[in-house]
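Shown next: my_file_28.pdb, given as PDB, C-alpha atoms and all ligand atoms.
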ATOM      1  CA  MET A   1     -22.134-181.933 -73.295
ATOM      2  CA  SER A   2     -20.997-178.655 -74.825
ATOM      3  CA  LYS A   3     -20.483-175.627 -72.644
ATOM      4  CA  VAL A   4     -22.519-172.681 -73.892
ATOM      5  CA  ILE A   5     -21.162-169.144 -73.901
ATOM      6  CA  GLY A   6     -23.604-166.258 -74.283
ATOM      7  CA  ILE A   7     -22.498-163.324 -76.420
ATOM      8  CA  LEU A   8     -24.068-159.952 -75.569
ATOM      9  CA  ALA A   9     -23.564-156.952 -77.857
ATOM     10  CA  GLY A  10     -24.261-153.595 -76.219
ATOM     11  CA  SER A  11     -26.017-151.891 -79.112
ATOM     12  CA  LEU A  12     -29.442-151.924 -80.732
ATOM     13  CA  ARG A  13     -28.252-150.378 -84.003
ATOM     14  CA  LYS A  14     -29.010-152.448 -87.113
ATOM     15  CA  GLU A  15     -25.508-151.932 -88.505
ATOM     16  CA  SER A  16     -23.833-152.078 -85.091
ATOM     17  CA  PHE A  17     -20.136-152.969 -85.187
ATOM     18  CA  SER A  18     -20.551-154.614 -81.789
ATOM     19  CA  LYS A  19     -23.215-156.893 -83.286
ATOM     20  CA  LYS A  20     -20.890-157.642 -86.205
ATOM     21  CA  ILE A  21     -18.055-158.570 -83.847
ATOM     22  CA  ALA A  22     -20.482-160.704 -81.809
ATOM     23  CA  LYS A  23     -21.559-162.496 -84.989
ATOM     24  CA  ALA A  24     -17.966-162.986 -86.131
ATOM     25  CA  ILE A  25     -16.936-164.645 -82.884
ATOM     26  CA  THR A  26     -19.874-167.062 -82.835
ATOM     27  CA  SER A  27     -18.055-169.047 -85.525
ATOM     28  CA  MET A  28     -14.843-169.145 -83.460
ATOM     29  CA  ALA A  29     -16.050-171.496 -80.720
ATOM     30  CA  PRO A  30     -13.649-174.425 -80.229
ATOM     31  CA  GLU A  31     -14.826-178.023 -80.034
ATOM     32  CA  GLY A  32     -16.925-178.645 -76.939
ATOM     33  CA  PHE A  33     -18.240-175.083 -76.879
ATOM     34  CA  GLU A  34     -21.230-173.352 -78.435
ATOM     35  CA  PHE A  35     -21.437-169.561 -78.726
ATOM     36  CA  LYS A  36     -24.937-168.132 -78.644
ATOM     37  CA  ILE A  37     -25.936-164.505 -79.173
ATOM     38  CA  ILE A  38     -28.397-163.250 -76.548
ATOM     39  CA  PRO A  39     -30.222-160.236 -78.026
ATOM     40  CA  LEU A  40     -31.073-157.150 -75.986
ATOM     41  CA  ASP A  41     -33.505-155.634 -78.484
ATOM     42  CA  ASP A  42     -36.860-156.087 -76.745
ATOM     43  CA  LEU A  43     -36.010-155.204 -73.160
ATOM     44  CA  PRO A  44     -38.029-152.300 -71.668
ATOM     45  CA  VAL A  45     -36.123-150.048 -69.269
ATOM     46  CA  TYR A  46     -35.898-151.759 -65.897
ATOM     47  CA  ASN A  47     -38.576-150.822 -63.400
ATOM     48  CA  GLN A  48     -38.439-152.522 -60.010
ATOM     49  CA  ASP A  49     -42.243-152.370 -59.778
ATOM     50  CA  PHE A  50     -42.431-155.041 -62.496
ATOM     51  CA  ASP A  51     -40.783-157.499 -60.106
ATOM     52  CA  ASP A  52     -42.317-156.189 -56.877
ATOM     53  CA  GLU A  53     -45.864-156.206 -58.286
ATOM     54  CA  ASN A  54     -45.490-159.502 -60.117
ATOM     55  CA  ARG A  55     -46.072-158.104 -63.596
ATOM     56  CA  VAL A  56     -42.776-159.058 -65.168
ATOM     57  CA  PRO A  57     -42.564-158.454 -68.943
ATOM     58  CA  ASP A  58     -42.272-161.636 -71.026
ATOM     59  CA  SER A  59     -39.077-160.239 -72.529
ATOM     60  CA  TYR A  60     -37.478-160.080 -69.045
ATOM     61  CA  VAL A  61     -38.438-163.704 -68.403
ATOM     62  CA  ALA A  62     -37.006-164.808 -71.754
ATOM     63  CA  PHE A  63     -33.821-162.808 -71.247
ATOM     64  CA  ARG A  64     -33.260-164.078 -67.703
ATOM     65  CA  ASN A  65     -33.832-167.660 -68.857
ATOM     66  CA  ALA A  66     -31.436-167.208 -71.781
ATOM     67  CA  VAL A  67     -28.666-165.976 -69.466
ATOM     68  CA  ARG A  68     -29.429-168.660 -66.872
ATOM     69  CA  ALA A  69     -28.917-171.297 -69.583
ATOM     70  CA  VAL A  70     -25.358-170.256 -70.483
ATOM     71  CA  ASP A  71     -22.155-171.164 -68.670
ATOM     72  CA  GLY A  72     -20.230-167.962 -69.375
ATOM     73  CA  VAL A  73     -20.640-164.597 -71.061
ATOM     74  CA  ILE A  74     -18.625-162.533 -73.533
ATOM     75  CA  PHE A  75     -19.683-158.873 -73.553
ATOM     76  CA  VAL A  76     -18.980-156.949 -76.753
ATOM     77  CA  THR A  77     -19.404-153.312 -75.840
ATOM     78  CA  PRO A  78     -19.127-150.017 -77.622
ATOM     79  CA  GLU A  79     -18.693-146.828 -75.615
ATOM     80  CA  TYR A  80     -21.242-144.087 -75.051
ATOM     81  CA  ASN A  81     -19.890-140.972 -73.361
ATOM     82  CA  ARG A  82     -16.954-142.859 -71.885
ATOM     83  CA  SER A  83     -19.150-145.546 -70.335
ATOM     84  CA  ILE A  84     -21.289-148.491 -71.415
ATOM     85  CA  PRO A  85     -24.461-147.832 -73.439
ATOM     86  CA  GLY A  86     -27.676-147.741 -71.412
ATOM     87  CA  VAL A  87     -28.980-150.814 -73.223
ATOM     88  CA  LEU A  88     -26.186-152.932 -71.795
ATOM     89  CA  LYS A  89     -26.526-151.496 -68.277
ATOM     90  CA  ASN A  90     -30.280-152.113 -68.539
ATOM     91  CA  ALA A  91     -29.646-155.759 -69.420
ATOM     92  CA  LEU A  92     -27.260-156.122 -66.456
ATOM     93  CA  ASP A  93     -29.892-154.595 -64.166
ATOM     94  CA  ILE A  94     -32.723-156.803 -65.458
ATOM     95  CA  GLY A  95     -30.617-159.949 -65.045
ATOM     96  CA  SER A  96     -29.575-158.956 -61.528
ATOM     97  CA  ARG A  97     -33.106-158.873 -60.095
ATOM     98  CA  PRO A  98     -35.277-159.858 -58.232
ATOM     99  CA  TYR A  99     -32.848-159.485 -55.343
ATOM    100  CA  GLY A 100     -31.154-162.782 -54.592
ATOM    101  CA  SER A 101     -31.991-164.348 -57.983
ATOM    102  CA  SER A 102     -29.336-162.777 -60.202
ATOM    103  CA  VAL A 103     -28.751-164.800 -63.356
ATOM    104  CA  TRP A 104     -25.190-163.458 -63.646
ATOM    105  CA  ASN A 105     -23.875-164.866 -60.386
ATOM    106  CA  GLY A 106     -20.626-166.806 -60.817
ATOM    107  CA  LYS A 107     -20.579-166.868 -64.620
ATOM    108  CA  PRO A 108     -17.067-166.281 -65.995
ATOM    109  CA  ALA A 109     -17.005-163.256 -68.306
ATOM    110  CA  ALA A 110     -14.839-161.462 -70.821
ATOM    111  CA  VAL A 111     -15.084-157.888 -72.074
ATOM    112  CA  PHE A 112     -14.358-157.116 -75.727
ATOM    113  CA  SER A 113     -14.645-153.351 -76.296
ATOM    114  CA  ASN A 114     -14.646-151.533 -79.620
ATOM    115  CA  SER A 115     -14.752-148.057 -81.052
ATOM    116  CA  PRO A 116     -14.385-146.238 -84.358
ATOM    117  CA  GLY A 117     -11.585-144.256 -82.692
ATOM    118  CA  ASN A 118      -8.233-145.269 -81.269
ATOM    119  CA  LEU A 119      -9.165-145.479 -77.584
ATOM    120  CA  SER A 120     -11.105-148.711 -78.238
ATOM    121  CA  ALA A 121     -13.833-147.945 -75.683
ATOM    122  CA  PHE A 122     -11.373-148.232 -72.812
ATOM    123  CA  GLY A 123     -13.770-146.259 -70.558
ATOM    124  CA  ALA A 124     -16.697-148.585 -71.299
ATOM    125  CA  ASN A 125     -14.514-151.656 -70.870
ATOM    126  CA  HIS A 126     -13.502-150.616 -67.362
ATOM    127  CA  HIS A 127     -16.909-149.298 -66.292
ATOM    128  CA  LEU A 128     -18.387-152.649 -67.294
ATOM    129  CA  ARG A 129     -15.795-154.417 -65.155
ATOM    130  CA  GLN A 130     -16.972-152.393 -62.139
ATOM    131  CA  SER A 131     -20.501-153.841 -62.441
ATOM    132  CA  LEU A 132     -19.133-157.338 -63.063
ATOM    133  CA  VAL A 133     -17.297-157.207 -59.724
ATOM    134  CA  PHE A 134     -20.563-156.552 -57.924
ATOM    135  CA  LEU A 135     -22.439-159.143 -60.001
ATOM    136  CA  ASN A 136     -19.848-161.724 -58.923
ATOM    137  CA  MET A 137     -18.775-162.542 -62.463
ATOM    138  CA  PRO A 138     -15.102-163.506 -62.487
ATOM    139  CA  THR A 139     -13.706-161.621 -65.488
ATOM    140  CA  MET A 140     -10.714-162.444 -67.687
ATOM    141  CA  GLN A 141      -7.971-159.946 -66.841
ATOM    142  CA  GLN A 142      -5.510-160.736 -69.621
ATOM    143  CA  PRO A 143      -5.445-160.389 -72.465
ATOM    144  CA  GLU A 144      -7.496-157.208 -72.430
ATOM    145  CA  VAL A 145      -9.476-157.035 -75.661
ATOM    146  CA  TYR A 146      -9.568-153.582 -77.241
ATOM    147  CA  ILE A 147     -10.721-153.202 -80.835
ATOM    148  CA  ALA A 148      -9.872-149.821 -82.397
ATOM    149  CA  GLN A 149     -10.859-148.301 -85.759
ATOM    150  CA  VAL A 150     -13.762-150.737 -85.946
ATOM    151  CA  LYS A 151     -15.291-149.059 -89.017
ATOM    152  CA  GLU A 152     -12.351-150.248 -91.101
ATOM    153  CA  LEU A 153     -12.671-153.916 -90.154
ATOM    154  CA  PHE A 154     -15.796-155.065 -92.015
ATOM    155  CA  ASP A 155     -16.880-155.174 -95.659
ATOM    156  CA  GLU A 156     -20.383-154.204 -96.830
ATOM    157  CA  SER A 157     -21.736-157.674 -96.046
ATOM    158  CA  GLY A 158     -20.577-157.383 -92.434
ATOM    159  CA  THR A 159     -17.718-159.859 -92.865
ATOM    160  CA  LEU A 160     -14.289-159.286 -91.340
ATOM    161  CA  LYS A 161     -11.959-158.038 -94.038
ATOM    162  CA  SER A 162      -8.558-159.042 -92.741
ATOM    163  CA  GLY A 163      -6.962-162.273 -91.582
ATOM    164  CA  GLU A 164      -5.072-160.236 -89.005
ATOM    165  CA  THR A 165      -8.322-159.146 -87.293
ATOM    166  CA  LYS A 166      -9.702-162.693 -87.446
ATOM    167  CA  ASP A 167      -6.487-163.975 -85.819
ATOM    168  CA  PHE A 168      -6.685-161.280 -83.136
ATOM    169  CA  LEU A 169     -10.282-162.199 -82.266
ATOM    170  CA  GLN A 170      -9.594-165.936 -82.424
ATOM    171  CA  LYS A 171      -6.655-165.501 -80.013
ATOM    172  CA  ALA A 172      -8.871-163.505 -77.648
ATOM    173  CA  VAL A 173     -11.566-166.201 -77.816
ATOM    174  CA  ASN A 174      -8.980-168.957 -77.250
ATOM    175  CA  ALA A 175      -7.586-167.098 -74.231
ATOM    176  CA  TYR A 176     -11.080-166.752 -72.782
ATOM    177  CA  ILE A 177     -11.836-170.445 -73.292
ATOM    178  CA  ALA A 178      -8.512-171.512 -71.733
ATOM    179  CA  TRP A 179      -9.140-169.236 -68.742
ATOM    180  CA  PHE A 180     -12.824-170.278 -68.507
ATOM    181  CA  THR A 181     -11.773-173.935 -68.364
ATOM    182  CA  LYS A 182      -9.549-173.204 -65.361
ATOM    183  CA  VAL A 183     -12.132-171.067 -63.544
ATOM    184  CA  ILE A 184     -15.245-173.192 -63.978
TER     185      ILE A 184
HETATM  186  C1  LIG B 201     -20.848-142.444 -79.150
HETATM  187  N1  LIG B 201     -19.611-142.845 -79.642
HETATM  188  C2  LIG B 201     -18.503-142.864 -78.804
HETATM  189  N2  LIG B 201     -17.343-143.479 -79.185
HETATM  190  C3  LIG B 201     -16.274-143.546 -78.327
HETATM  191  O1  LIG B 201     -15.244-144.115 -78.678
HETATM  192  N3  LIG B 201     -16.375-143.007 -77.081
HETATM  193  C4  LIG B 201     -17.478-142.385 -76.620
HETATM  194  O2  LIG B 201     -17.519-141.943 -75.487
HETATM  195  C5  LIG B 201     -18.604-142.307 -77.506
HETATM  196  N4  LIG B 201     -19.780-141.723 -77.110
HETATM  197  C6  LIG B 201     -20.921-141.870 -77.853
HETATM  198  C7  LIG B 201     -22.150-141.473 -77.325
HETATM  199  C8  LIG B 201     -23.305-141.699 -78.058
HETATM  200  C9  LIG B 201     -24.630-141.318 -77.443
HETATM  201  C10 LIG B 201     -23.235-142.284 -79.334
HETATM  202  C11 LIG B 201     -24.503-142.541 -80.128
HETATM  203  C12 LIG B 201     -22.043-142.651 -79.870
HETATM  204  C13 LIG B 201     -19.498-143.378 -81.003
HETATM  205  C14 LIG B 201     -19.713-144.885 -81.006
HETATM  206  O3  LIG B 201     -18.481-145.508 -80.700
HETATM  207  C15 LIG B 201     -20.192-145.346 -82.372
HETATM  208  O4  LIG B 201     -21.453-144.741 -82.659
HETATM  209  C16 LIG B 201     -20.287-146.867 -82.454
HETATM  210  O5  LIG B 201     -20.483-147.232 -83.796
HETATM  211  C17 LIG B 201     -21.414-147.408 -81.561
HETATM  212  O6  LIG B 201     -21.348-148.817 -81.466
HETATM  213  P1  LIG B 201     -22.178-149.792 -82.424
HETATM  214  O7  LIG B 201     -23.604-149.346 -82.453
HETATM  215  O8  LIG B 201     -21.531-149.677 -83.812
HETATM  216  O9  LIG B 201     -21.973-151.152 -81.849
END

As structure tokens, please, write out the structure in this file.
Amino acid sequence: MSKVIGILAGSLRKESFSKKIAKAITSMAPEGFEFKIIPLDDLPVYNQDFDDENRVPDSYVAFRNAVRAVDGVIFVTPEYNRSIPGVLKNALDIGSRPYGSSVWNGKPAAVFSNSPGNLSAFGANHHLRQSLVFLNMPTMQQPEVYIAQVKELFDESGTLKSGETKDFLQKAVNAYIAWFTKVI
């Protein structure tokens, strides 16, 4: 049976470059793997009362089940104010609760960060890694995946323009799969 890797893009924006990268890599899964985008669009801000008072939003249930069903996770994150966007932190928080039932536990992860500038969301990439340590998600160390000047990489239809970028992403995906296969 195929292993399934969940792809989470840390942006709600319709024209999000993170979503475009997430979409581009779904077609790069090698044989024996399926890449599946897990959307974050309908998740209300986490409130512990929802869990404590047994009135959990349907969208939390669906999201937790979607993450539970995958074997690993690739995070595609932009950077907001040198950290991860709230929407991605919110998703991490929702998946981590109720206490003792985290859906993230043990799932091998990779962080692909991107930015319209040259720093490639380095700050977000490393802040995300801090949470992944606590969530007990072993995370690929090398290669680090930094995507700079992201605005230049896609045409109007949202397709990657250059073979060089496709090769870069495919190599990053291949490295993750090779590492995943050792870790799992
Ligand atoms: C940004 N942006 C940004 N970029 C960056 O490289 N470092 C940063 O710290 C920030 N901070 C930041 C804060 C906020 C509130 C916004 C809205 C934007 C710019 C950001 O990289 C750009 O808007 C991306 O296009 C966002 O990612 P998506 O939506 O294209 O995936």

Item to check | Hits from the PyMOL selection byres (((chain A and resi 168) around 12) and not hetatm), listed as a PyMOL selection string | outcome: chain A and resi 21+24-25+28+112+143-148+153+160+162-167+169-175

Listing only residues of chain A within 12 Å of ligand LIG 201 (chain B), what is the closest atom pair and its distance in Å (to one decimal) for each, using all atoms listed in the file, sorted by chain and residue number ascending, as a Markdown table?
| residue | atom | partner | partner_atom | distance |
| --- | --- | --- | --- | --- |
| A:Leu8 | CA | B:LIG201 | O9 | 11.0 |
| A:Ala9 | CA | B:LIG201 | O9 | 7.2 |
| A:Gly10 | CA | B:LIG201 | O9 | 6.5 |
| A:Ser11 | CA | B:LIG201 | O7 | 4.8 |
| A:Leu12 | CA | B:LIG201 | O7 | 6.6 |
| A:Arg13 | CA | B:LIG201 | O7 | 5.0 |
| A:Lys14 | CA | B:LIG201 | O7 | 7.8 |
| A:Glu15 | CA | B:LIG201 | O8 | 6.6 |
| A:Ser16 | CA | B:LIG201 | O8 | 3.6 |
| A:Phe17 | CA | B:LIG201 | O8 | 3.8 |
| A:Ser18 | CA | B:LIG201 | O9 | 3.7 |
| A:Lys19 | CA | B:LIG201 | O9 | 6.0 |
| A:Lys20 | CA | B:LIG201 | O9 | 7.9 |
| A:Ile21 | CA | B:LIG201 | O9 | 8.6 |
| A:Ala22 | CA | B:LIG201 | O9 | 9.7 |
| A:Lys23 | CA | B:LIG201 | O9 | 11.8 |
| A:Phe75 | CA | B:LIG201 | O9 | 11.6 |
| A:Val76 | CA | B:LIG201 | O9 | 8.3 |
| A:Thr77 | CA | B:LIG201 | O9 | 6.9 |
| A:Pro78 | CA | B:LIG201 | O6 | 4.6 |
| A:Glu79 | CA | B:LIG201 | N3 | 4.7 |
| A:Tyr80 | CA | B:LIG201 | N4 | 3.5 |
| A:Asn81 | CA | B:LIG201 | O2 | 3.3 |
| A:Arg82 | CA | B:LIG201 | O2 | 3.8 |
| A:Ser83 | CA | B:LIG201 | O2 | 6.5 |
| A:Ile84 | CA | B:LIG201 | O2 | 8.6 |
| A:Pro85 | CA | B:LIG201 | C9 | 7.6 |
| A:Gly86 | CA | B:LIG201 | C9 | 9.3 |
| A:Val87 | CA | B:LIG201 | O7 | 10.8 |
| A:Leu88 | CA | B:LIG201 | O9 | 11.0 |
| A:Phe112 | CA | B:LIG201 | O9 | 11.4 |
| A:Ser113 | CA | B:LIG201 | O9 | 9.5 |
| A:Asn114 | CA | B:LIG201 | O3 | 7.2 |
| A:Ser115 | CA | B:LIG201 | O3 | 4.5 |
| A:Pro116 | CA | B:LIG201 | O3 | 5.5 |
| A:Gly117 | CA | B:LIG201 | O1 | 5.4 |
| A:Asn118 | CA | B:LIG201 | O1 | 7.6 |
| A:Leu119 | CA | B:LIG201 | O1 | 6.3 |
| A:Ser120 | CA | B:LIG201 | O1 | 6.2 |
| A:Ala121 | CA | B:LIG201 | O1 | 5.1 |
| A:Phe122 | CA | B:LIG201 | O1 | 8.1 |
| A:Gly123 | CA | B:LIG201 | O2 | 7.5 |
| A:Ala124 | CA | B:LIG201 | O2 | 7.9 |
| A:Asn125 | CA | B:LIG201 | N3 | 10.8 |
| A:His127 | CA | B:LIG201 | O2 | 11.8 |
| A:Tyr146 | CA | B:LIG201 | O1 | 11.1 |
| A:Ile147 | CA | B:LIG201 | O1 | 10.4 |
| A:Ala148 | CA | B:LIG201 | O1 | 8.7 |
| A:Gln149 | CA | B:LIG201 | O1 | 9.3 |
| A:Val150 | CA | B:LIG201 | O5 | 7.9 |
| A:Lys151 | CA | B:LIG201 | O5 | 7.6 |
| A:Glu152 | CA | B:LIG201 | O5 | 11.3 |
| A:Leu153 | CA | B:LIG201 | O8 | 11.7 |
| A:Phe154 | CA | B:LIG201 | O8 | 11.4 |
| A:Gly158 | CA | B:LIG201 | O8 | 11.6 |

Item to check | Output check: residues returned by the PyMOL selection byres (((chain A and resi 48) around 12) and not hetatm), as a list in words | outcome: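 Going through the file, the PyMOL selection byres (((chain A and resi 48) around 12) and not hetatm) ends up selecting Pro44, Val45, Tyr46, Asn47, Asp49, Phe50, Asp51, Asp52, Glu53, Asn54, Arg55, Val56, Pro57, Tyr60, Asn90, Asp93, Ile94, Gly95, Ser96, Arg97, Pro98 and Tyr99 of chain A.
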
Next on the checklist: Can you tell me which residues surround Asp58 of chain A at a distance of at most 10 Å, considering all atoms listed in the file, apart from same-chain residues fewer than 5 positions away, and format the answer as a ChimeraX atom specification?
Outcome noted: /A:42-43,63-64

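Neighbouring residues of Phe33 of chain A at 9 Å or closer, counting all atoms listed in the file and skipping chain neighbours under 5 positions away, are Met1, Ser2, Lys3, Val4, Ile5 and Ile177 of chain A.
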
Item to check | Interatomic distance, atom CA of Ile38 of chain A to atom CA of Ala66 of chain A (Å, one decimal) | outcome: 6.9 Å

Item to check | Shell of 10 Å around Val183 of chain A, only C-alpha atoms, local chain residues under 6 positions omitted, as an MDAnalysis selection string | outcome: chainID A and resid 106:108 138:140 177

Next on the checklist: Quick check, in Å to one decimal: how far apart do atom CA of Gly100 of chain A and atom CA of Ile7 of chain A lie?
Outcome noted: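 It comes out at 23.5 Å.
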
Checklist entry - So how many Å separate atom CA of Val133 of chain A and atom CA of Trp104 of chain A, to one decimal? => result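 Taking atom CA of Val133 of chain A and atom CA of Trp104 of chain A, their separation equals 10.8 Å.
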
Checklist entry - Taking into account all atoms listed in the file, which residue in the set A:Ala29, A:Val103, A:Leu92, A:Val61 is nearest to Leu128 of chain A? => result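 The answer is A:Leu92, which sits nearest to Leu128 of chain A.
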
Grab segment 62-150 of chain A from that structure and dump C-alpha atoms to a file, as a compact mmCIF listing (two decimals), in the first residue's frame.
# COMPACT_ATOMS: atom_id res chain seq x y z
CA ALA A 62 -12.01 16.63 9.80
CA PHE A 63 -8.57 18.22 10.05
CA ARG A 64 -7.41 15.93 12.85
CA ASN A 65 -8.65 12.89 10.93
CA ALA A 66 -6.91 14.07 7.75
CA VAL A 67 -3.57 14.41 9.57
CA ARG A 68 -4.07 11.12 11.42
CA ALA A 69 -4.48 9.38 8.05
CA VAL A 70 -1.10 10.46 6.63
CA ASP A 71 2.28 8.89 7.29
CA GLY A 72 4.38 12.05 7.05
CA VAL A 73 4.02 15.78 6.52
CA ILE A 74 5.68 18.38 4.30
CA PHE A 75 5.09 21.93 5.55
CA VAL A 76 5.31 24.68 2.94
CA THR A 77 5.53 27.90 4.90
CA PRO A 78 5.81 31.56 4.09
CA GLU A 79 7.05 33.98 6.73
CA TYR A 80 5.04 36.55 8.64
CA ASN A 81 7.09 38.95 10.74
CA ARG A 82 10.03 36.56 10.88
CA SER A 83 7.91 33.65 12.11
CA ILE A 84 5.25 31.28 10.81
CA PRO A 85 1.82 32.67 9.88
CA GLY A 86 -0.84 32.32 12.57
CA VAL A 87 -2.87 30.00 10.36
CA LEU A 88 -0.11 27.41 10.42
CA LYS A 89 0.50 27.75 14.17
CA ASN A 90 -3.27 27.43 14.67
CA ALA A 91 -3.28 24.19 12.68
CA LEU A 92 -0.37 22.83 14.76
CA ASP A 93 -2.24 23.74 17.95
CA ILE A 94 -5.52 22.17 16.83
CA GLY A 95 -3.77 18.94 15.83
CA SER A 96 -1.88 18.79 19.12
CA ARG A 97 -4.98 18.62 21.33
CA PRO A 98 -6.79 17.24 23.32
CA TYR A 99 -3.76 16.61 25.51
CA GLY A 100 -2.36 13.15 24.89
CA SER A 101 -4.10 12.71 21.51
CA SER A 102 -1.82 14.74 19.23
CA VAL A 103 -2.18 13.72 15.60
CA TRP A 104 1.37 14.90 14.83
CA ASN A 105 3.18 12.52 17.15
CA GLY A 106 6.00 10.63 15.42
CA LYS A 107 5.21 11.70 11.86
CA PRO A 108 8.38 12.49 9.89
CA ALA A 109 8.30 16.06 8.56
CA ALA A 110 10.07 18.40 6.19
CA VAL A 111 9.99 22.20 6.08
CA PHE A 112 9.99 23.98 2.72
CA SER A 113 10.04 27.75 3.31
CA ASN A 114 9.53 30.48 0.72
CA SER A 115 9.54 34.22 0.38
CA PRO A 116 9.39 36.92 -2.28
CA GLY A 117 12.70 38.17 -0.86
CA ASN A 118 16.14 36.61 -0.64
CA LEU A 119 16.01 35.36 2.96
CA SER A 120 13.60 32.57 1.92
CA ALA A 121 11.61 32.68 5.18
CA PHE A 122 14.58 31.43 7.17
CA GLY A 123 12.99 32.76 10.39
CA ALA A 124 9.71 30.92 9.77
CA ASN A 125 11.55 27.75 8.79
CA HIS A 126 13.42 27.64 12.09
CA HIS A 127 10.51 28.76 14.28
CA LEU A 128 8.46 25.94 12.78
CA ARG A 129 11.22 23.48 13.65
CA GLN A 130 10.98 24.57 17.30
CA SER A 131 7.33 23.46 17.47
CA LEU A 132 8.10 20.25 15.59
CA VAL A 133 10.62 19.28 18.29
CA PHE A 134 7.93 19.54 20.94
CA LEU A 135 5.34 17.78 18.75
CA ASN A 136 7.78 14.87 18.40
CA MET A 137 7.95 15.09 14.62
CA PRO A 138 11.38 13.99 13.44
CA THR A 139 12.31 16.61 10.83
CA MET A 140 14.63 16.32 7.83
CA GLN A 141 17.77 18.31 8.64
CA GLN A 142 19.45 18.26 5.24
CA PRO A 143 18.94 19.43 2.68
CA GLU A 144 17.34 22.56 4.09
CA VAL A 145 14.74 23.79 1.62
CA TYR A 146 14.72 27.55 1.13
CA ILE A 147 12.87 29.05 -1.83
CA ALA A 148 13.76 32.69 -2.55
CA GLN A 149 12.25 35.19 -5.01
CA VAL A 150 9.11 33.07 -5.15
